[in-house]
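First the structure, in the form of structure tokens, and then the observations on it.
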Amino acid sequence: MGNRRIKWGIVGLGNIASQFATDLILIENAELTAVASRDFSKAELFGGKFNALRMYNSYDLLFEDHEVEIVYIATPHNSHAELSIKALESGKHVLCEKPMALSHKDAERIIEASKKHNKFFMEAFWTRFIPSVQDVLQKINKGAIGNINYIKADFAFHGSETENKRLFDKELGGGALFDIGVYSLFLSYILLGYPKEILAKAIKHKNDIDLKTSMILQYESAQSVLHASIVSESDMKAVISGTEGRIELNTPWFVADGYSLFKNEEKEATFTLPILGKGYSHEIIECQNCILNDEIESKLWSHQNCLDLSRIVEEVKTQIGLSF
């Protein structure tokens with residue numbers, strides 16, 4: 001297996017791709033082989049900044065590049081499914097930005113393609129791989145706070161229609177649920193599994209995207225109270241409460257650099273677990289390990305996990321009357 005270099009391609013060269021590429025440099029056995037944008041000047045600029053070996057003005061050309069092993073897809077939401085499937089069909093492994101698709105049907109199509117072509121696929125839920133989340137899951141599994149019976153998680157900020165055009169663009173799959181609501185749903189899912197019942201309400205924009213969505217996930221003996229908004233702020237702390245204590249992930253919880261453990265309302269301990277780079281590095285390492293071990297899915301964020309979350313999101317989408 002060794003420590004051979006894994007050759008990456010990036011399609012869609014916006015802000016997230018830029019942060020991702022910054023972290024890719026930190027990984028010793030990772031190489032940025034090619035980048036693609038429909039706007040060639042953007043590809044040249046991005047490629048130059050991150051020392052990519054080749055720049056393309058079409059995604060297809062990058063998919064045809066024999067040297068590229070894995071493609072990171074960072075285009076707007078509405079193209080994730082189509083591009084993931086195309087890349088897999090071209091014999092590439094794929095790390096696709098979340099949400100992997102805007103419908104559960106499309107999510108199923110992607111996973112089918114991954115299995116059919118025997119290529120690695122993962123939805124880019126970087127939060128799953130950051131050290132503090134890994135550590136919290138281990139502690140909870142060992143009974144640190146007893147049985148979980150309540151989760152509170154928000155992801156909210158003040159977006160502006162002029163600066164964050166994509167967020168408010170219905171064509172591109174904009175709105176709070178698909179951009180940031182998926183994070184809180186993800187947290188509930190990795191801690192408590194698939195809910196028995198889902199309740200969701202949204203406040204909509206005049207173009208019909210959701211500006212803010214609140215969700216309650218009902219379990220046998222637990223509830224998750226979750227909120228996402230692109231027009232208001234919150235403390236962005238996550239509280240995981242159990243029968244014998246609670247854990248609070250530092251703010252912003254989805255990229256927390258540590259957490260606190262409380263017993264009987266008293267802070268018992270504080271744990272500091274810095275992230276490497278901007279936090280994307282941890283999912284990059286996971287992808288590379290899977291590829292080097294000939295695995296087509298991650299054990300930590302498996303195909304089934306991707307599909308389950310996509311089904312939960314679909315249910316919320318239906319309840320709040322969102323359609324793309």
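Convention: chains lettered A, B, ... in structure tokens order; per-chain residue numbering from 1; ligands numbered from 1 as shown.
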List the spatial neighbours of segment 267-273 of chain A as an MDAnalysis selection string - criterion: any atom at most 7 Å away, only C-alpha atoms, same-chain residues fewer than 4 positions off excluded. chainID A and resid 131:132 257:263
Selected residues written out with all heavy atoms, as a tab-separated table (two decimals), in the first residue's frame:
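Once everything was written out, this is again04.tsv:
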```tsv
chain	number	residue	atom	x	y	z
A	131	PRO	N	-11.53	16.07	15.02
A	131	PRO	CA	-11.17	15.37	16.24
A	131	PRO	C	-12.18	15.49	17.38
A	131	PRO	O	-12.45	14.50	18.08
A	131	PRO	CB	-9.82	15.99	16.64
A	131	PRO	CG	-9.24	16.47	15.34
A	131	PRO	CD	-10.41	16.91	14.52
A	132	SER	N	-12.77	16.68	17.57
A	132	SER	CA	-13.69	16.82	18.71
A	132	SER	C	-14.95	15.99	18.54
A	132	SER	O	-15.46	15.40	19.49
A	132	SER	CB	-14.03	18.29	18.98
A	132	SER	OG	-14.39	18.93	17.80
A	257	ASP	N	-13.32	23.18	18.08
A	257	ASP	CA	-11.94	22.84	18.43
A	257	ASP	C	-11.87	22.25	19.84
A	257	ASP	O	-10.81	22.18	20.44
A	257	ASP	CB	-11.05	24.09	18.35
A	257	ASP	CG	-11.56	25.22	19.23
A	257	ASP	OD1	-12.58	25.03	19.95
A	257	ASP	OD2	-10.96	26.31	19.20
A	258	GLY	N	-13.03	21.84	20.36
A	258	GLY	CA	-13.08	21.23	21.70
A	258	GLY	C	-14.50	21.21	22.23
A	258	GLY	O	-15.44	21.59	21.53
A	259	TYR	N	-14.64	20.76	23.47
A	259	TYR	CA	-15.97	20.66	24.08
A	259	TYR	C	-15.85	20.62	25.59
A	259	TYR	O	-14.75	20.43	26.15
A	259	TYR	CB	-16.70	19.42	23.56
A	259	TYR	CG	-16.03	18.10	23.90
A	259	TYR	CD1	-16.38	17.39	25.05
A	259	TYR	CD2	-15.05	17.57	23.07
A	259	TYR	CE1	-15.75	16.19	25.36
A	259	TYR	CE2	-14.42	16.38	23.37
A	259	TYR	CZ	-14.78	15.68	24.51
A	259	TYR	OH	-14.15	14.51	24.82
A	260	SER	N	-16.99	20.82	26.27
A	260	SER	CA	-17.02	20.75	27.74
A	260	SER	C	-17.98	19.65	28.18
A	260	SER	O	-19.01	19.42	27.55
A	260	SER	CB	-17.49	22.08	28.32
A	260	SER	OG	-16.62	23.11	27.91
A	261	LEU	N	-17.62	19.01	29.28
A	261	LEU	CA	-18.45	17.96	29.87
A	261	LEU	C	-19.01	18.46	31.20
A	261	LEU	O	-18.27	18.96	32.05
A	261	LEU	CB	-17.59	16.70	30.10
A	261	LEU	CG	-18.26	15.50	30.78
A	261	LEU	CD1	-19.37	14.91	29.94
A	261	LEU	CD2	-17.21	14.43	31.08
A	262	PHE	N	-20.33	18.40	31.33
A	262	PHE	CA	-20.99	18.85	32.56
A	262	PHE	C	-21.63	17.68	33.28
A	262	PHE	O	-22.22	16.80	32.65
A	262	PHE	CB	-22.12	19.85	32.22
A	262	PHE	CG	-21.63	21.15	31.63
A	262	PHE	CD1	-21.29	21.24	30.28
A	262	PHE	CD2	-21.52	22.29	32.42
A	262	PHE	CE1	-20.85	22.44	29.73
A	262	PHE	CE2	-21.08	23.49	31.88
A	262	PHE	CZ	-20.75	23.56	30.53
A	263	LYS	N	-21.49	17.69	34.63
A	263	LYS	CA	-22.21	16.71	35.47
A	263	LYS	C	-22.91	17.50	36.56
A	263	LYS	O	-22.31	18.39	37.17
A	263	LYS	CB	-21.22	15.71	36.11
A	263	LYS	CG	-20.54	14.77	35.12
A	263	LYS	CD	-21.41	13.56	34.78
A	263	LYS	CE	-20.83	12.74	33.65
A	263	LYS	NZ	-20.18	11.51	34.06
```
8 Å contact set for segment 94-98 of chain A, only C-alpha atoms, chain neighbours under 4 positions out, as a compact mmCIF listing (two decimals) with N, CA, C and O atoms, in the first residue's frame:
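Result file follows (result03.txt):
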```txt
# COMPACT_ATOMS: atom_id res chain seq x y z
N ILE A 70 -9.12 11.07 -7.79
CA ILE A 70 -10.32 11.43 -7.04
C ILE A 70 -10.70 12.87 -7.35
O ILE A 70 -9.84 13.74 -7.43
N VAL A 71 -12.00 13.08 -7.53
CA VAL A 71 -12.51 14.41 -7.85
C VAL A 71 -13.29 14.96 -6.66
O VAL A 71 -14.15 14.27 -6.10
N TYR A 72 -12.95 16.19 -6.28
CA TYR A 72 -13.72 16.89 -5.25
C TYR A 72 -14.68 17.81 -5.99
O TYR A 72 -14.26 18.67 -6.77
N ILE A 73 -15.99 17.61 -5.75
CA ILE A 73 -17.01 18.38 -6.45
C ILE A 73 -17.53 19.49 -5.54
O ILE A 73 -18.13 19.21 -4.50
N ALA A 74 -17.28 20.73 -5.95
CA ALA A 74 -17.65 21.88 -5.11
C ALA A 74 -18.47 22.90 -5.90
O ALA A 74 -18.42 24.09 -5.64
N THR A 75 -19.22 22.40 -6.85
CA THR A 75 -20.11 23.25 -7.66
C THR A 75 -21.39 23.53 -6.86
O THR A 75 -21.59 22.93 -5.80
N HIS A 77 -25.23 23.24 -5.49
CA HIS A 77 -25.97 22.02 -5.13
C HIS A 77 -26.67 21.32 -6.29
O HIS A 77 -26.71 20.10 -6.35
N HIS A 80 -24.61 18.64 -8.19
CA HIS A 80 -23.84 17.61 -7.47
C HIS A 80 -24.10 16.20 -7.99
O HIS A 80 -23.17 15.43 -8.24
N SER A 84 -21.33 13.99 -9.93
CA SER A 84 -20.82 12.83 -9.18
C SER A 84 -20.93 11.57 -10.03
O SER A 84 -19.99 10.77 -10.13
N ALA A 87 -18.47 11.60 -12.96
CA ALA A 87 -17.09 11.34 -12.52
C ALA A 87 -16.90 9.85 -12.21
O ALA A 87 -15.89 9.26 -12.59
N LEU A 88 -17.89 9.25 -11.53
CA LEU A 88 -17.81 7.82 -11.21
C LEU A 88 -17.78 6.98 -12.48
O LEU A 88 -17.01 6.03 -12.60
N LYS A 119 -16.05 2.41 -7.46
CA LYS A 119 -15.24 3.57 -7.14
C LYS A 119 -15.72 4.19 -5.83
O LYS A 119 -16.91 4.23 -5.54
N PHE A 120 -14.79 4.72 -5.08
CA PHE A 120 -15.08 5.34 -3.78
C PHE A 120 -15.98 6.56 -3.96
O PHE A 120 -15.75 7.39 -4.84
N PHE A 121 -17.01 6.65 -3.11
CA PHE A 121 -17.83 7.86 -3.07
C PHE A 121 -18.08 8.24 -1.61
O PHE A 121 -18.41 7.39 -0.79
N MET A 122 -17.96 9.52 -1.32
CA MET A 122 -18.35 10.01 0.00
C MET A 122 -18.91 11.42 -0.13
O MET A 122 -18.43 12.23 -0.91
N GLU A 123 -19.96 11.67 0.66
CA GLU A 123 -20.49 13.02 0.78
C GLU A 123 -19.57 13.75 1.75
O GLU A 123 -19.19 13.18 2.79
N ALA A 124 -19.25 15.00 1.44
CA ALA A 124 -18.20 15.70 2.20
C ALA A 124 -18.68 16.27 3.54
O ALA A 124 -18.65 17.48 3.75
N PHE A 125 -19.12 15.37 4.42
CA PHE A 125 -19.49 15.84 5.76
C PHE A 125 -18.24 15.90 6.63
O PHE A 125 -17.98 15.06 7.46
N ASP A 179 -28.37 24.13 2.61
CA ASP A 179 -27.04 24.69 2.79
C ASP A 179 -26.50 24.39 4.18
O ASP A 179 -25.37 23.95 4.34
N CYS A 287 -10.60 10.00 3.01
CA CYS A 287 -10.76 9.59 1.61
C CYS A 287 -9.53 8.84 1.12
O CYS A 287 -9.62 7.79 0.48
```
Atom pair atom CA of Ile216 of chain A / atom CA of Gly242 of chain A: separation (Å):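 A separation of 17.2 Å between them.
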Please identify which residues in segment 134-308 of chain A DSSP calls alpha helix (DSSP H) from the backbone, and express them as a PDB file with N, CA and C atoms, in the first residue's frame.
```pdb
ATOM      1  N   GLN A 134     -15.196  13.195  16.749  1.00  0.00           N
ATOM      2  CA  GLN A 134     -14.763  11.799  16.932  1.00  0.00           C
ATOM      3  C   GLN A 134     -14.683  11.458  18.423  1.00  0.00           C
ATOM      4  N   ASP A 135     -14.094  12.380  19.179  1.00  0.00           N
ATOM      5  CA  ASP A 135     -13.875  12.156  20.605  1.00  0.00           C
ATOM      6  C   ASP A 135     -15.194  12.121  21.384  1.00  0.00           C
ATOM      7  N   VAL A 136     -16.086  13.051  21.046  1.00  0.00           N
ATOM      8  CA  VAL A 136     -17.397  13.106  21.705  1.00  0.00           C
ATOM      9  C   VAL A 136     -18.164  11.804  21.469  1.00  0.00           C
ATOM     10  N   LEU A 137     -18.132  11.306  20.230  1.00  0.00           N
ATOM     11  CA  LEU A 137     -18.825  10.045  19.923  1.00  0.00           C
ATOM     12  C   LEU A 137     -18.266   8.887  20.743  1.00  0.00           C
ATOM     13  N   GLN A 138     -16.945   8.834  20.865  1.00  0.00           N
ATOM     14  CA  GLN A 138     -16.319   7.766  21.666  1.00  0.00           C
ATOM     15  C   GLN A 138     -16.739   7.863  23.130  1.00  0.00           C
ATOM     16  N   LYS A 139     -16.708   9.090  23.669  1.00  0.00           N
ATOM     17  CA  LYS A 139     -17.086   9.272  25.079  1.00  0.00           C
ATOM     18  C   LYS A 139     -18.541   8.871  25.319  1.00  0.00           C
ATOM     19  N   ILE A 140     -19.422   9.294  24.392  1.00  0.00           N
ATOM     20  CA  ILE A 140     -20.841   8.968  24.547  1.00  0.00           C
ATOM     21  C   ILE A 140     -21.058   7.464  24.462  1.00  0.00           C
ATOM     22  N   ASN A 141     -20.356   6.813  23.536  1.00  0.00           N
ATOM     23  CA  ASN A 141     -20.469   5.356  23.409  1.00  0.00           C
ATOM     24  C   ASN A 141     -19.999   4.633  24.664  1.00  0.00           C
ATOM     25  N   ALA A 176     -32.002  27.660   3.492  1.00  0.00           N
ATOM     26  CA  ALA A 176     -31.340  27.258   4.744  1.00  0.00           C
ATOM     27  C   ALA A 176     -31.196  25.740   4.887  1.00  0.00           C
ATOM     28  N   VAL A 182     -28.728  20.785   6.951  1.00  0.00           N
ATOM     29  CA  VAL A 182     -28.232  19.404   6.891  1.00  0.00           C
ATOM     30  C   VAL A 182     -27.232  19.102   8.017  1.00  0.00           C
ATOM     31  N   TYR A 183     -26.514  20.113   8.486  1.00  0.00           N
ATOM     32  CA  TYR A 183     -25.528  19.896   9.553  1.00  0.00           C
ATOM     33  C   TYR A 183     -26.189  19.430  10.852  1.00  0.00           C
ATOM     34  N   SER A 184     -27.235  20.150  11.285  1.00  0.00           N
ATOM     35  CA  SER A 184     -27.893  19.803  12.545  1.00  0.00           C
ATOM     36  C   SER A 184     -28.582  18.449  12.430  1.00  0.00           C
ATOM     37  N   LEU A 185     -29.186  18.184  11.273  1.00  0.00           N
ATOM     38  CA  LEU A 185     -29.816  16.876  11.045  1.00  0.00           C
ATOM     39  C   LEU A 185     -28.764  15.771  11.109  1.00  0.00           C
ATOM     40  N   PHE A 186     -27.605  16.066  10.545  1.00  0.00           N
ATOM     41  CA  PHE A 186     -26.477  15.126  10.564  1.00  0.00           C
ATOM     42  C   PHE A 186     -26.058  14.799  12.000  1.00  0.00           C
ATOM     43  N   LEU A 187     -25.958  15.837  12.844  1.00  0.00           N
ATOM     44  CA  LEU A 187     -25.530  15.621  14.232  1.00  0.00           C
ATOM     45  C   LEU A 187     -26.514  14.702  14.963  1.00  0.00           C
ATOM     46  N   SER A 188     -27.791  14.986  14.795  1.00  0.00           N
ATOM     47  CA  SER A 188     -28.815  14.157  15.430  1.00  0.00           C
ATOM     48  C   SER A 188     -28.723  12.713  14.932  1.00  0.00           C
ATOM     49  N   TYR A 189     -28.522  12.563  13.631  1.00  0.00           N
ATOM     50  CA  TYR A 189     -28.448  11.233  13.028  1.00  0.00           C
ATOM     51  C   TYR A 189     -27.243  10.429  13.531  1.00  0.00           C
ATOM     52  N   ILE A 190     -26.046  11.058  13.607  1.00  0.00           N
ATOM     53  CA  ILE A 190     -24.881  10.262  14.037  1.00  0.00           C
ATOM     54  C   ILE A 190     -24.967   9.895  15.522  1.00  0.00           C
ATOM     55  N   LEU A 191     -25.729  10.692  16.293  1.00  0.00           N
ATOM     56  CA  LEU A 191     -25.835  10.406  17.727  1.00  0.00           C
ATOM     57  C   LEU A 191     -27.010   9.493  18.069  1.00  0.00           C
ATOM     58  N   LEU A 192     -28.119   9.654  17.347  1.00  0.00           N
ATOM     59  CA  LEU A 192     -29.342   8.926  17.722  1.00  0.00           C
ATOM     60  C   LEU A 192     -29.906   8.035  16.622  1.00  0.00           C
ATOM     61  N   SER A 281      -9.074  18.979   6.154  1.00  0.00           N
ATOM     62  CA  SER A 281      -7.962  18.020   6.078  1.00  0.00           C
ATOM     63  C   SER A 281      -8.342  16.635   6.610  1.00  0.00           C
ATOM     64  N   HIS A 282      -9.206  16.612   7.628  1.00  0.00           N
ATOM     65  CA  HIS A 282      -9.557  15.329   8.249  1.00  0.00           C
ATOM     66  C   HIS A 282     -10.358  14.431   7.306  1.00  0.00           C
ATOM     67  N   GLU A 283     -11.255  15.033   6.498  1.00  0.00           N
ATOM     68  CA  GLU A 283     -12.006  14.220   5.533  1.00  0.00           C
ATOM     69  C   GLU A 283     -11.111  13.826   4.358  1.00  0.00           C
ATOM     70  N   ILE A 284     -10.134  14.674   4.037  1.00  0.00           N
ATOM     71  CA  ILE A 284      -9.192  14.341   2.958  1.00  0.00           C
ATOM     72  C   ILE A 284      -8.397  13.087   3.339  1.00  0.00           C
ATOM     73  N   ILE A 285      -7.913  13.070   4.578  1.00  0.00           N
ATOM     74  CA  ILE A 285      -7.149  11.917   5.075  1.00  0.00           C
ATOM     75  C   ILE A 285      -7.997  10.652   5.023  1.00  0.00           C
ATOM     76  N   GLU A 286      -9.270  10.783   5.422  1.00  0.00           N
ATOM     77  CA  GLU A 286     -10.190   9.634   5.387  1.00  0.00           C
ATOM     78  C   GLU A 286     -10.367   9.106   3.962  1.00  0.00           C
ATOM     79  N   CYS A 287     -10.602  10.002   3.012  1.00  0.00           N
ATOM     80  CA  CYS A 287     -10.763   9.588   1.609  1.00  0.00           C
ATOM     81  C   CYS A 287      -9.527   8.838   1.118  1.00  0.00           C
ATOM     82  N   GLN A 288      -8.368   9.393   1.424  1.00  0.00           N
ATOM     83  CA  GLN A 288      -7.119   8.786   0.940  1.00  0.00           C
ATOM     84  C   GLN A 288      -6.906   7.406   1.551  1.00  0.00           C
ATOM     85  N   ASN A 289      -7.193   7.273   2.851  1.00  0.00           N
ATOM     86  CA  ASN A 289      -7.043   5.966   3.498  1.00  0.00           C
ATOM     87  C   ASN A 289      -7.961   4.929   2.866  1.00  0.00           C
ATOM     88  N   CYS A 290      -9.196   5.341   2.573  1.00  0.00           N
ATOM     89  CA  CYS A 290     -10.149   4.422   1.937  1.00  0.00           C
ATOM     90  C   CYS A 290      -9.654   3.992   0.555  1.00  0.00           C
ATOM     91  N   ILE A 291      -9.161   4.957  -0.217  1.00  0.00           N
ATOM     92  CA  ILE A 291      -8.665   4.643  -1.572  1.00  0.00           C
ATOM     93  C   ILE A 291      -7.465   3.706  -1.498  1.00  0.00           C
ATOM     94  N   LEU A 292      -6.544   3.993  -0.578  1.00  0.00           N
ATOM     95  CA  LEU A 292      -5.348   3.152  -0.431  1.00  0.00           C
ATOM     96  C   LEU A 292      -5.708   1.738   0.042  1.00  0.00           C
ATOM     97  N   HIS A 303     -22.089   4.784   2.704  1.00  0.00           N
ATOM     98  CA  HIS A 303     -23.149   4.972   1.704  1.00  0.00           C
ATOM     99  C   HIS A 303     -24.522   4.985   2.379  1.00  0.00           C
ATOM    100  N   GLN A 304     -24.718   4.047   3.307  1.00  0.00           N
ATOM    101  CA  GLN A 304     -26.005   3.970   4.001  1.00  0.00           C
ATOM    102  C   GLN A 304     -26.266   5.234   4.827  1.00  0.00           C
ATOM    103  N   ASN A 305     -25.219   5.723   5.488  1.00  0.00           N
ATOM    104  CA  ASN A 305     -25.352   6.977   6.252  1.00  0.00           C
ATOM    105  C   ASN A 305     -25.786   8.111   5.333  1.00  0.00           C
ATOM    106  N   CYS A 306     -25.130   8.222   4.167  1.00  0.00           N
ATOM    107  CA  CYS A 306     -25.467   9.259   3.188  1.00  0.00           C
ATOM    108  C   CYS A 306     -26.934   9.154   2.778  1.00  0.00           C
ATOM    109  N   LEU A 307     -27.383   7.928   2.516  1.00  0.00           N
ATOM    110  CA  LEU A 307     -28.761   7.715   2.062  1.00  0.00           C
ATOM    111  C   LEU A 307     -29.770   8.001   3.169  1.00  0.00           C
ATOM    112  N   ASP A 308     -29.446   7.584   4.391  1.00  0.00           N
ATOM    113  CA  ASP A 308     -30.344   7.846   5.525  1.00  0.00           C
ATOM    114  C   ASP A 308     -30.542   9.349   5.710  1.00  0.00           C
TER     115      ASP A 308
END
```
Give me every strand (DSSP E or B) residue in segment 109-192 of chain A, going by DSSP on the backbone, as a list in words.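 These are the residues in question: Phe121, Met122, Glu123, Ile148, Asn149, Tyr150, Ile151, Lys152, Ala153, Asp154, Phe155, Ala156 and His158 of chain A.
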